[in-house]
>>> print(open('model-v5.csv').read())   # CSV, C-alpha atoms
chain,number,residue,atom,x,y,z
Q,1,MET,CA,0.0,0.0,0.0
Q,2,ALA,CA,1.6,3.3,-1.1
Q,3,SER,CA,0.1,5.4,1.7
Q,4,ILE,CA,-2.0,5.3,4.8
Q,5,VAL,CA,-5.2,7.4,5.1
Q,6,LEU,CA,-5.5,9.6,8.1
Q,7,GLY,CA,-8.8,10.4,9.8
Q,8,TRP,CA,-11.0,13.0,8.2
Q,9,SER,CA,-10.0,16.6,8.5
Q,10,GLU,CA,-10.9,19.8,6.5
Q,11,PHE,CA,-8.0,20.8,4.3
Q,12,LYS,CA,-8.1,24.3,5.8
Q,13,SER,CA,-7.3,23.0,9.3
Q,14,TYR,CA,-4.8,20.5,7.9
Q,15,VAL,CA,-2.9,23.2,6.1
Q,16,ALA,CA,-2.9,25.4,9.3
Q,17,GLU,CA,-1.7,22.6,11.6
Q,18,ILE,CA,0.4,20.2,9.5
Q,19,GLY,CA,3.7,20.9,7.7
Q,20,PRO,CA,7.3,21.8,8.3
Q,21,GLU,CA,7.6,24.3,11.1
Q,22,ARG,CA,3.9,23.9,11.9
Q,23,GLY,CA,3.2,20.4,13.2
Q,24,HIS,CA,3.1,16.7,12.7
Q,25,PRO,CA,0.1,14.3,12.4
Q,26,GLU,CA,-0.2,11.6,15.0
Q,27,LEU,CA,2.2,8.7,14.5
Q,28,PRO,CA,0.6,5.3,13.6
Q,29,GLY,CA,0.5,2.9,16.5
Q,30,ALA,CA,1.9,0.0,14.4
Q,31,CYS,CA,3.5,-0.7,11.1
Q,32,PRO,CA,1.1,-2.0,8.4
Q,33,PHE,CA,3.8,-4.1,6.8
Q,34,CYS,CA,5.1,-6.0,9.9
Q,35,ASP,CA,4.5,-6.3,13.7
Q,36,GLY,CA,6.7,-3.3,14.5
Q,37,VAL,CA,5.3,-0.6,16.9
Q,38,ARG,CA,8.2,1.8,16.7
Q,39,ILE,CA,7.4,4.4,13.9
Q,40,TRP,CA,9.6,7.4,13.2
Q,41,PHE,CA,9.0,10.6,11.2
Q,42,ASP,CA,10.8,10.4,7.9
Q,43,GLY,CA,10.6,13.9,6.3
Q,44,TRP,CA,8.0,15.4,4.1
Q,45,ARG,CA,6.6,14.8,0.6
Q,46,LEU,CA,5.1,17.7,-1.5
Q,47,VAL,CA,2.1,17.1,-3.7
Q,48,PHE,CA,0.6,19.6,-6.2
Q,49,CYS,CA,-3.1,19.0,-6.4
Q,50,VAL,CA,-6.4,20.7,-6.9
Q,51,VAL,CA,-9.3,20.5,-4.4
Q,52,LEU,CA,-12.6,22.4,-4.0
Q,53,LEU,CA,-12.6,25.4,-1.6
Q,54,ASP,CA,-16.1,26.7,-1.0
Q,55,GLY,CA,-17.2,25.2,-4.4
Q,56,THR,CA,-14.2,26.7,-6.2
Q,57,PRO,CA,-11.2,24.8,-7.4
Q,58,HIS,CA,-8.0,25.6,-5.4
Q,59,ARG,CA,-4.6,24.6,-6.6
Q,60,PHE,CA,-1.7,24.1,-4.1
Q,61,ASP,CA,0.9,26.0,-6.3
Q,62,ASP,CA,3.5,25.8,-3.5
Q,63,GLY,CA,2.8,22.2,-2.8
Q,64,LEU,CA,0.9,20.5,0.0
Q,65,PRO,CA,3.2,18.8,2.6
Q,66,LEU,CA,2.5,15.2,3.5
Q,67,GLN,CA,4.3,13.5,6.4
Q,68,ARG,CA,6.4,10.4,5.6
Q,69,VAL,CA,7.1,7.9,8.3
Q,70,VAL,CA,9.3,4.8,8.5
Q,71,CYS,CA,9.2,1.6,10.6
Q,72,ALA,CA,12.2,1.1,12.9
Q,73,VAL,CA,11.9,-2.7,12.5
Q,74,CYS,CA,11.4,-3.4,8.8
Q,75,HIS,CA,12.6,0.0,7.6
Q,76,VAL,CA,9.6,0.4,5.1
Q,77,SER,CA,8.5,4.0,4.7
Q,78,TRP,CA,5.2,5.3,3.7
Q,79,THR,CA,3.1,8.5,3.5
Q,80,LEU,CA,0.4,9.6,5.9
Q,81,ARG,CA,-2.2,11.0,3.5
Q,82,PRO,CA,-5.2,13.0,4.6
Q,83,ALA,CA,-8.6,11.6,3.6
Q,84,PHE,CA,-9.3,14.6,1.3
Q,85,LEU,CA,-6.5,13.4,-1.0
Q,86,TYR,CA,-6.8,10.4,-3.3
Q,87,PRO,CA,-3.7,8.6,-4.7
Q,88,HIS,CA,-2.2,9.4,-8.1
Q,89,ARG,CA,-4.5,12.4,-8.8
Q,90,SER,CA,-3.8,16.0,-9.7
Q,91,PHE,CA,-7.5,17.0,-9.7
Q,92,GLU,CA,-9.0,15.4,-6.6
Q,93,PRO,CA,-12.3,13.5,-6.7
Q,94,ASP,CA,-14.4,16.4,-5.4
Q,95,VAL,CA,-13.3,18.5,-8.4
Q,96,VAL,CA,-14.1,15.6,-10.8
Q,97,GLU,CA,-17.5,15.1,-9.2
Q,98,ALA,CA,-18.4,18.8,-9.3
Q,99,ALA,CA,-17.3,19.1,-13.0
Q,100,GLY,CA,-19.3,16.0,-13.8
Q,101,PHE,CA,-22.4,17.3,-12.2
Q,102,ASP,CA,-22.1,20.7,-13.9
Q,103,TYR,CA,-21.7,19.2,-17.3
Q,104,LEU,CA,-24.2,16.3,-17.1
Q,105,GLY,CA,-26.8,18.1,-15.0
Q,106,ASP,CA,-27.0,21.4,-16.9
Q,107,PRO,CA,-28.8,21.2,-20.3
Q,108,ALA,CA,-26.7,24.1,-21.7
Q,109,ALA,CA,-23.3,23.0,-20.3
Q,110,THR,CA,-20.4,22.4,-22.7
Q,111,TYR,CA,-17.0,20.9,-22.2
Q,112,GLU,CA,-15.4,24.2,-22.8
Q,113,GLN,CA,-17.4,26.2,-20.2
Q,114,THR,CA,-17.2,23.4,-17.6
Q,115,ALA,CA,-13.4,23.2,-18.1
Q,116,LYS,CA,-13.1,27.0,-17.7
Q,117,ASP,CA,-15.1,26.9,-14.5
Q,118,HIS,CA,-12.9,24.1,-13.0
Q,119,GLY,CA,-9.5,25.2,-14.2
Q,120,CYS,CA,-8.8,22.2,-16.4
Q,121,SER,CA,-8.9,21.4,-20.1
Q,122,PRO,CA,-12.1,20.3,-22.0
Q,123,ARG,CA,-10.4,17.0,-22.7
Q,124,SER,CA,-10.0,16.4,-19.0
Q,125,VAL,CA,-13.8,16.8,-18.5
Q,126,TRP,CA,-14.4,14.5,-21.4
Q,127,ARG,CA,-12.1,11.9,-19.8
Q,128,TRP,CA,-13.6,12.3,-16.3
Q,129,VAL,CA,-17.1,11.6,-17.6
Q,130,GLY,CA,-15.9,8.3,-19.2
Q,131,TRP,CA,-14.0,7.4,-16.0
Q,132,LEU,CA,-17.1,8.0,-13.9
Q,133,ALA,CA,-19.2,5.8,-16.1
Q,134,SER,CA,-16.6,2.9,-15.8
Q,135,VAL,CA,-15.6,3.1,-12.1
Q,136,VAL,CA,-19.0,3.2,-10.4
Q,137,GLN,CA,-21.5,0.4,-11.0
Q,138,ALA,CA,-24.7,2.4,-10.4
Q,139,ARG,CA,-27.1,-0.5,-10.1
Q,140,SER,CA,-25.0,-2.4,-7.5
Q,141,LEU,CA,-24.4,0.8,-5.5
Q,142,LEU,CA,-28.1,1.6,-5.6
Q,143,ALA,CA,-29.0,-1.9,-4.3
Q,144,GLU,CA,-26.5,-1.4,-1.4
Q,145,ALA,CA,-28.1,2.0,-0.7
Q,146,GLU,CA,-31.5,0.4,-0.6
Q,147,ARG,CA,-30.3,-2.3,1.7
Q,148,LEU,CA,-28.9,0.3,4.1
Q,149,SER,CA,-32.0,2.6,4.1
Q,150,GLY,CA,-34.9,0.3,3.3
Q,151,ALA,CA,-36.8,3.4,2.0
Q,152,GLY,CA,-38.0,1.8,-1.2
Q,153,GLN,CA,-37.5,5.0,-3.1
Q,154,SER,CA,-33.9,4.6,-4.3
Q,155,ALA,CA,-34.7,3.4,-7.8
Q,156,ALA,CA,-37.0,6.4,-8.4
Q,157,LEU,CA,-34.0,8.7,-7.9
Q,158,MET,CA,-32.1,7.2,-10.8
Q,159,PRO,CA,-32.1,9.6,-13.8
Q,160,ARG,CA,-33.3,8.1,-17.1
Q,161,GLU,CA,-31.7,10.7,-19.4
Q,162,VAL,CA,-29.1,13.4,-19.5
Q,163,PRO,CA,-30.7,16.9,-19.8
Q,164,GLN,CA,-29.5,18.7,-22.8
Q,165,ASP,CA,-30.6,21.5,-25.1
Q,166,HIS,CA,-28.0,20.6,-27.7
Q,167,VAL,CA,-26.4,17.3,-28.7
Q,168,LYS,CA,-23.8,16.3,-26.1
Q,169,ALA,CA,-22.9,12.9,-27.6
Q,170,ARG,CA,-22.1,12.1,-31.2
Q,171,SER,CA,-22.6,8.4,-31.0
Q,172,PRO,CA,-25.0,6.0,-29.2
Q,173,GLU,CA,-22.0,4.6,-27.3
Q,174,ARG,CA,-21.0,8.0,-26.0
Q,175,GLU,CA,-24.6,8.8,-25.2
Q,176,ALA,CA,-24.7,5.6,-23.1
Q,177,THR,CA,-21.5,6.7,-21.4
Q,178,LEU,CA,-23.0,10.1,-20.5
Q,179,LEU,CA,-26.1,8.5,-18.9
Q,180,ALA,CA,-24.0,6.0,-17.0
Q,181,ALA,CA,-21.8,8.7,-15.6
Q,182,PHE,CA,-24.8,10.8,-14.6
Q,183,GLN,CA,-26.5,7.8,-12.9
Q,184,ALA,CA,-23.2,7.0,-11.1
Q,185,LEU,CA,-23.0,10.5,-9.6
Q,186,CYS,CA,-26.7,10.5,-8.6
Q,187,THR,CA,-26.4,7.0,-7.1
Q,188,LEU,CA,-23.3,8.0,-5.1
Q,189,GLY,CA,-25.4,10.8,-3.5
Q,190,VAL,CA,-28.2,8.3,-2.6
Q,191,TRP,CA,-25.7,5.8,-1.2
Q,192,SER,CA,-23.9,8.5,0.9
Q,193,ARG,CA,-27.2,9.7,2.4
Q,194,ALA,CA,-28.1,6.0,3.2
Q,195,GLN,CA,-25.1,5.5,5.5
Q,196,SER,CA,-26.0,4.9,9.2
Q,197,VAL,CA,-23.4,7.4,10.2
Q,198,PRO,CA,-23.4,10.5,7.9
Q,199,PRO,CA,-20.0,10.9,6.3
Q,200,LEU,CA,-18.0,14.0,7.2
Q,201,ASP,CA,-16.8,14.3,3.6
Q,202,ARG,CA,-19.1,16.4,1.5
Q,203,SER,CA,-18.0,14.6,-1.6
Q,204,PRO,CA,-19.8,11.3,-2.0
Q,205,LEU,CA,-17.4,10.2,-4.8
Q,206,ARG,CA,-14.3,10.8,-2.7
Q,207,PHE,CA,-15.9,9.2,0.3
Q,208,TRP,CA,-16.7,6.1,-1.7
Q,209,LEU,CA,-13.3,5.9,-3.3
Q,210,VAL,CA,-11.5,6.3,0.1
Q,211,GLU,CA,-13.7,3.7,1.7
Q,212,ARG,CA,-12.8,1.2,-1.1
Q,213,PHE,CA,-9.2,2.1,-0.6
Q,214,ARG,CA,-9.4,1.6,3.2
Q,215,ALA,CA,-11.3,-1.7,2.9
Q,216,LEU,CA,-9.8,-3.3,-0.2
Q,217,GLY,CA,-6.7,-1.3,-1.1
Q,218,GLU,CA,-8.3,-0.4,-4.4
Q,219,VAL,CA,-6.9,2.5,-6.3
Q,220,HIS,CA,-9.0,3.5,-9.4
Q,221,LEU,CA,-6.6,5.3,-11.7
Q,222,LEU,CA,-7.9,7.8,-14.2
Q,223,ALA,CA,-5.9,6.2,-17.0
Q,224,PRO,CA,-4.1,2.8,-17.3
Q,225,ALA,CA,-0.5,2.7,-16.1
Q,226,HIS,CA,1.9,3.2,-18.9
Q,227,SER,CA,5.2,1.4,-19.3
Q,228,SER,CA,8.4,3.4,-19.3
Q,229,PRO,CA,9.5,4.9,-22.6
Q,230,ARG,CA,12.1,3.0,-24.6
Q,231,SER,CA,15.7,3.6,-24.1
Q,232,PRO,CA,17.4,5.9,-26.6
Q,233,GLU,CA,19.4,3.1,-28.1
Q,234,ASP,CA,16.1,1.4,-29.0
Q,235,SER,CA,14.9,4.3,-31.0
Q,236,THR,CA,14.4,3.9,-34.8
Q,237,GLY,CA,13.8,7.6,-35.5
Q,238,PRO,CA,16.3,10.4,-36.3
Q,239,PRO,CA,18.8,11.4,-33.5
>>> encode(input="model-v5.csv", output="C-alpha cells")
Amino acid sequence: MASIVLGWSEFKSYVAEIGPERGHPELPGACPFCDGVRIWFDGWRLVFCVVLLDGTPHRFDDGLPLQRVVCAVCHVSWTLRPAFLYPHRSFEPDVVEAAGFDYLGDPAATYEQTAKDHGCSPRSVWRWVGWLASVVQARSLLAEAERLSGAGQSAALMPREVPQDHVKARSPEREATLLAAFQALCTLGVWSRAQSVPPLDRSPLRFWLVERFRALGEVHLLAPAHSSPRSPEDSTGPP
C-alpha cells in the first residue's frame, strides 16, 4: 500500500496545523507491513493538487506537505495521506465530481465552459465523464443503498436521461456513457445519504473511493498505467 489514510480533516485545518515548522500528524500505532510498533517521522513529501474550496477549485501551487514515516523494524517507509486526497490524482475526486455534475446536469453545459469553471482542459472533463461511467456500477451501489436505508425509493431517484438543449454525444456509445456517468453521480449521493453514520466528507465520490481504498486497497486510476519509454538506443527515428 503506497500510503495510509489519516482520519477526516478539513484541508483548511490540515494546512494550518500540519507541515514543516507547523506540526506533525499523530504517528501510527503500528507498522502496516510488519509487527513493529516503533514508527519514526521520515521527512515530508510535497504534492501539487487541486481541491474544492467553498465550491471553487483551489490549486496548491507551492505544494501540500504530506508527512512520511518509517518503521524502525522493517525500515519500510510510507506517506500519511489526509482523507481529502486520493492517490495518483492531480485533480481530486471532489473536483471531478463537481465538474461531472455541472456538465451532465446542466442542459446548456459544454465541455469548454465546464473546463473553464474548474481550471482544467475540455479534454479532462471528457475523460472524467468516461471514467465516472466505468468506475461506479450504479445498479450495484443503488442496491446497497436500498439495503442500508430500506426506503423503497432509491430506484426512483435514478435519472433516465441526460438533460441537454444541444447534442452532447455524437454516437450512441457516448450517449450511453454520459447517462451511465450521470447515474453514477446521482447514485453516489443516494448511497452516501443512506449511511447509518453521515460521512464528514461532503463529496460522495471521494468518500466512496476512500472507503474502497481503506477496505480493499483499491486505487481507481484515471488512466491505465503506462510502461516506461524505450531507451534511446532502442529508437528507430532520427537522432
>>> residues_around(input="model-v5.csv", residues="Q:Phe213", least_positions_apart="5", cutoff="10 Å", atoms="all atoms listed in the file", output="ChimeraX atom specification")
/Q:1,4-5,86-87,207-208,218-220
>>> atom_distance(input="model-v5.csv", atom1="atom CA of Q:Cys49", atom2="atom CA of Q:Phe91")
5.9 Å
>>> closest_residue(input="model-v5.csv", among="Q:Ala138, Q:Leu64, Q:Cys71, Q:Leu209", to="Q:Trp40", atoms="all atoms listed in the file")
Q:Cys71
>>> atom_distance(input="model-v5.csv", atom1="atom CA of Q:Arg89", atom2="atom CA of Q:Gln195")
26.0 Å
>>> closest_atom_pairs(input="model-v5.csv", of="stretch 24-122 of chain Q", to="stretch 170-189 of chain Q", cutoff="12 Å", atoms="all atoms listed in the file", output="Markdown table")
| residue | atom | partner | partner_atom | distance |
| --- | --- | --- | --- | --- |
| Q:Pro93 | CA | Q:Leu185 | CA | 11.5 |
| Q:Asp94 | CA | Q:Leu185 | CA | 11.2 |
| Q:Val96 | CA | Q:Leu185 | CA | 10.3 |
| Q:Glu97 | CA | Q:Leu185 | CA | 7.2 |
| Q:Ala98 | CA | Q:Leu185 | CA | 9.5 |
| Q:Ala99 | CA | Q:Leu185 | CA | 10.9 |
| Q:Gly100 | CA | Q:Phe182 | CA | 7.6 |
| Q:Phe101 | CA | Q:Leu185 | CA | 7.3 |
| Q:Asp102 | CA | Q:Phe182 | CA | 10.3 |
| Q:Tyr103 | CA | Q:Phe182 | CA | 9.4 |
| Q:Leu104 | CA | Q:Phe182 | CA | 6.1 |
| Q:Gly105 | CA | Q:Phe182 | CA | 7.6 |
| Q:Asp106 | CA | Q:Phe182 | CA | 11.1 |
>>> residues_around(input="model-v5.csv", residues="Q:Cys74", least_positions_apart="4", cutoff="9 Å", atoms="only C-alpha atoms", output="list in words")
Cys31, Phe33, Cys34, Asp35, Gly36 and Val70 of chain Q
>>> decode(input="model-v5.csv", residues="stretch 202-216 of chain Q", atoms="all heavy atoms", output="CSV table (one decimal), in the first residue's frame")
chain,number,residue,atom,x,y,z
Q,202,ARG,N,-18.0,15.9,2.3
Q,202,ARG,CA,-19.1,16.4,1.5
Q,202,ARG,C,-19.1,15.9,0.1
Q,202,ARG,O,-20.1,16.2,-0.7
Q,202,ARG,CB,-19.2,17.9,1.6
Q,202,ARG,CG,-19.5,18.5,2.9
Q,202,ARG,CD,-19.7,20.0,2.8
Q,202,ARG,NE,-18.5,20.7,2.5
Q,202,ARG,CZ,-17.6,21.2,3.5
Q,202,ARG,NH1,-17.9,21.0,4.7
Q,202,ARG,NH2,-16.5,21.8,3.1
Q,203,SER,N,-18.1,15.2,-0.3
Q,203,SER,CA,-18.0,14.6,-1.6
Q,203,SER,C,-18.3,13.1,-1.6
Q,203,SER,O,-17.5,12.3,-1.2
Q,203,SER,CB,-16.6,14.8,-2.2
Q,203,SER,OG,-16.4,14.1,-3.4
Q,204,PRO,N,-19.5,12.7,-2.0
Q,204,PRO,CA,-19.8,11.3,-2.0
Q,204,PRO,C,-18.8,10.4,-2.9
Q,204,PRO,O,-18.5,9.3,-2.5
Q,204,PRO,CB,-21.2,11.2,-2.6
Q,204,PRO,CG,-21.8,12.5,-2.3
Q,204,PRO,CD,-20.7,13.5,-2.4
Q,205,LEU,N,-18.4,11.0,-4.0
Q,205,LEU,CA,-17.4,10.2,-4.8
Q,205,LEU,C,-16.1,10.0,-4.1
Q,205,LEU,O,-15.6,8.9,-4.0
Q,205,LEU,CB,-17.1,11.0,-6.1
Q,205,LEU,CG,-16.0,10.4,-7.0
Q,205,LEU,CD1,-16.4,9.0,-7.5
Q,205,LEU,CD2,-15.8,11.3,-8.2
Q,206,ARG,N,-15.6,11.0,-3.5
Q,206,ARG,CA,-14.3,10.8,-2.7
Q,206,ARG,C,-14.5,9.9,-1.5
Q,206,ARG,O,-13.7,9.1,-1.2
Q,206,ARG,CB,-13.8,12.2,-2.2
Q,206,ARG,CG,-12.5,12.1,-1.5
Q,206,ARG,CD,-11.9,13.5,-1.3
Q,206,ARG,NE,-12.9,14.4,-0.6
Q,206,ARG,CZ,-12.8,15.7,-0.5
Q,206,ARG,NH1,-11.7,16.3,-1.1
Q,206,ARG,NH2,-13.7,16.4,0.1
Q,207,PHE,N,-15.7,10.0,-0.8
Q,207,PHE,CA,-15.9,9.2,0.3
Q,207,PHE,C,-16.0,7.7,-0.1
Q,207,PHE,O,-15.4,6.8,0.6
Q,207,PHE,CB,-17.3,9.6,1.0
Q,207,PHE,CG,-17.7,8.7,2.1
Q,207,PHE,CD1,-17.0,8.6,3.2
Q,207,PHE,CD2,-18.9,8.0,1.9
Q,207,PHE,CE1,-17.5,7.7,4.3
Q,207,PHE,CE2,-19.4,7.1,3.0
Q,207,PHE,CZ,-18.6,7.0,4.1
Q,208,TRP,N,-16.6,7.5,-1.2
Q,208,TRP,CA,-16.7,6.1,-1.7
Q,208,TRP,C,-15.4,5.5,-2.1
Q,208,TRP,O,-15.0,4.4,-1.8
Q,208,TRP,CB,-17.7,6.0,-2.9
Q,208,TRP,CG,-17.9,4.7,-3.5
Q,208,TRP,CD1,-18.6,3.6,-3.0
Q,208,TRP,CD2,-17.3,4.2,-4.7
Q,208,TRP,NE1,-18.6,2.5,-3.8
Q,208,TRP,CE2,-17.7,2.8,-4.9
Q,208,TRP,CE3,-16.4,4.7,-5.6
Q,208,TRP,CZ2,-17.3,2.1,-6.0
Q,208,TRP,CZ3,-16.0,3.9,-6.7
Q,208,TRP,CH2,-16.4,2.6,-6.9
Q,209,LEU,N,-14.6,6.3,-2.8
Q,209,LEU,CA,-13.3,5.9,-3.3
Q,209,LEU,C,-12.4,5.6,-2.1
Q,209,LEU,O,-11.6,4.6,-2.1
Q,209,LEU,CB,-12.6,7.0,-4.2
Q,209,LEU,CG,-13.2,7.1,-5.6
Q,209,LEU,CD1,-12.7,8.4,-6.2
Q,209,LEU,CD2,-12.9,5.9,-6.4
Q,210,VAL,N,-12.4,6.5,-1.1
Q,210,VAL,CA,-11.5,6.3,0.1
Q,210,VAL,C,-12.0,5.1,0.9
Q,210,VAL,O,-11.1,4.3,1.4
Q,210,VAL,CB,-11.5,7.6,1.0
Q,210,VAL,CG1,-10.8,7.3,2.3
Q,210,VAL,CG2,-10.8,8.7,0.3
Q,211,GLU,N,-13.2,4.9,1.0
Q,211,GLU,CA,-13.7,3.7,1.7
Q,211,GLU,C,-13.3,2.4,1.0
Q,211,GLU,O,-12.9,1.4,1.6
Q,211,GLU,CB,-15.2,3.7,1.9
Q,211,GLU,CG,-15.7,4.7,2.9
Q,211,GLU,CD,-15.2,4.5,4.2
Q,211,GLU,OE1,-15.4,3.4,4.8
Q,211,GLU,OE2,-14.5,5.3,4.8
Q,212,ARG,N,-13.3,2.4,-0.3
Q,212,ARG,CA,-12.8,1.2,-1.1
Q,212,ARG,C,-11.3,1.1,-0.9
Q,212,ARG,O,-10.8,-0.1,-0.8
Q,212,ARG,CB,-13.2,1.4,-2.6
Q,212,ARG,CG,-14.6,1.6,-2.9
Q,212,ARG,CD,-15.4,0.3,-2.8
Q,212,ARG,NE,-15.0,-0.7,-3.8
Q,212,ARG,CZ,-15.7,-1.9,-3.9
Q,212,ARG,NH1,-16.7,-2.2,-3.1
Q,212,ARG,NH2,-15.3,-2.7,-4.9
Q,213,PHE,N,-10.6,2.2,-0.8
Q,213,PHE,CA,-9.2,2.1,-0.6
Q,213,PHE,C,-8.9,1.6,0.8
Q,213,PHE,O,-8.0,0.7,1.0
Q,213,PHE,CB,-8.6,3.5,-0.8
Q,213,PHE,CG,-7.1,3.5,-0.6
Q,213,PHE,CD1,-6.2,3.0,-1.5
Q,213,PHE,CD2,-6.5,4.1,0.5
Q,213,PHE,CE1,-4.8,3.0,-1.3
Q,213,PHE,CE2,-5.2,4.2,0.8
Q,213,PHE,CZ,-4.3,3.6,-0.2
Q,214,ARG,N,-9.6,2.0,1.8
Q,214,ARG,CA,-9.4,1.6,3.2
Q,214,ARG,C,-9.7,0.1,3.3
Q,214,ARG,O,-8.9,-0.7,3.9
Q,214,ARG,CB,-10.3,2.3,4.1
Q,214,ARG,CG,-9.9,3.8,4.4
Q,214,ARG,CD,-10.9,4.3,5.4
Q,214,ARG,NE,-10.9,5.7,5.6
Q,214,ARG,CZ,-10.1,6.3,6.5
Q,214,ARG,NH1,-9.3,5.6,7.3
Q,214,ARG,NH2,-10.1,7.6,6.7
Q,215,ALA,N,-10.8,-0.4,2.7
Q,215,ALA,CA,-11.3,-1.7,2.9
Q,215,ALA,C,-10.6,-2.7,2.1
Q,215,ALA,O,-10.2,-3.8,2.5
Q,215,ALA,CB,-12.8,-1.8,2.7
Q,216,LEU,N,-10.3,-2.4,0.8
Q,216,LEU,CA,-9.8,-3.3,-0.2
Q,216,LEU,C,-8.5,-3.0,-0.8
Q,216,LEU,O,-7.9,-3.8,-1.6
Q,216,LEU,CB,-10.9,-3.5,-1.3
Q,216,LEU,CG,-12.3,-3.9,-0.9
Q,216,LEU,CD1,-13.2,-3.9,-2.0
Q,216,LEU,CD2,-12.3,-5.3,-0.2
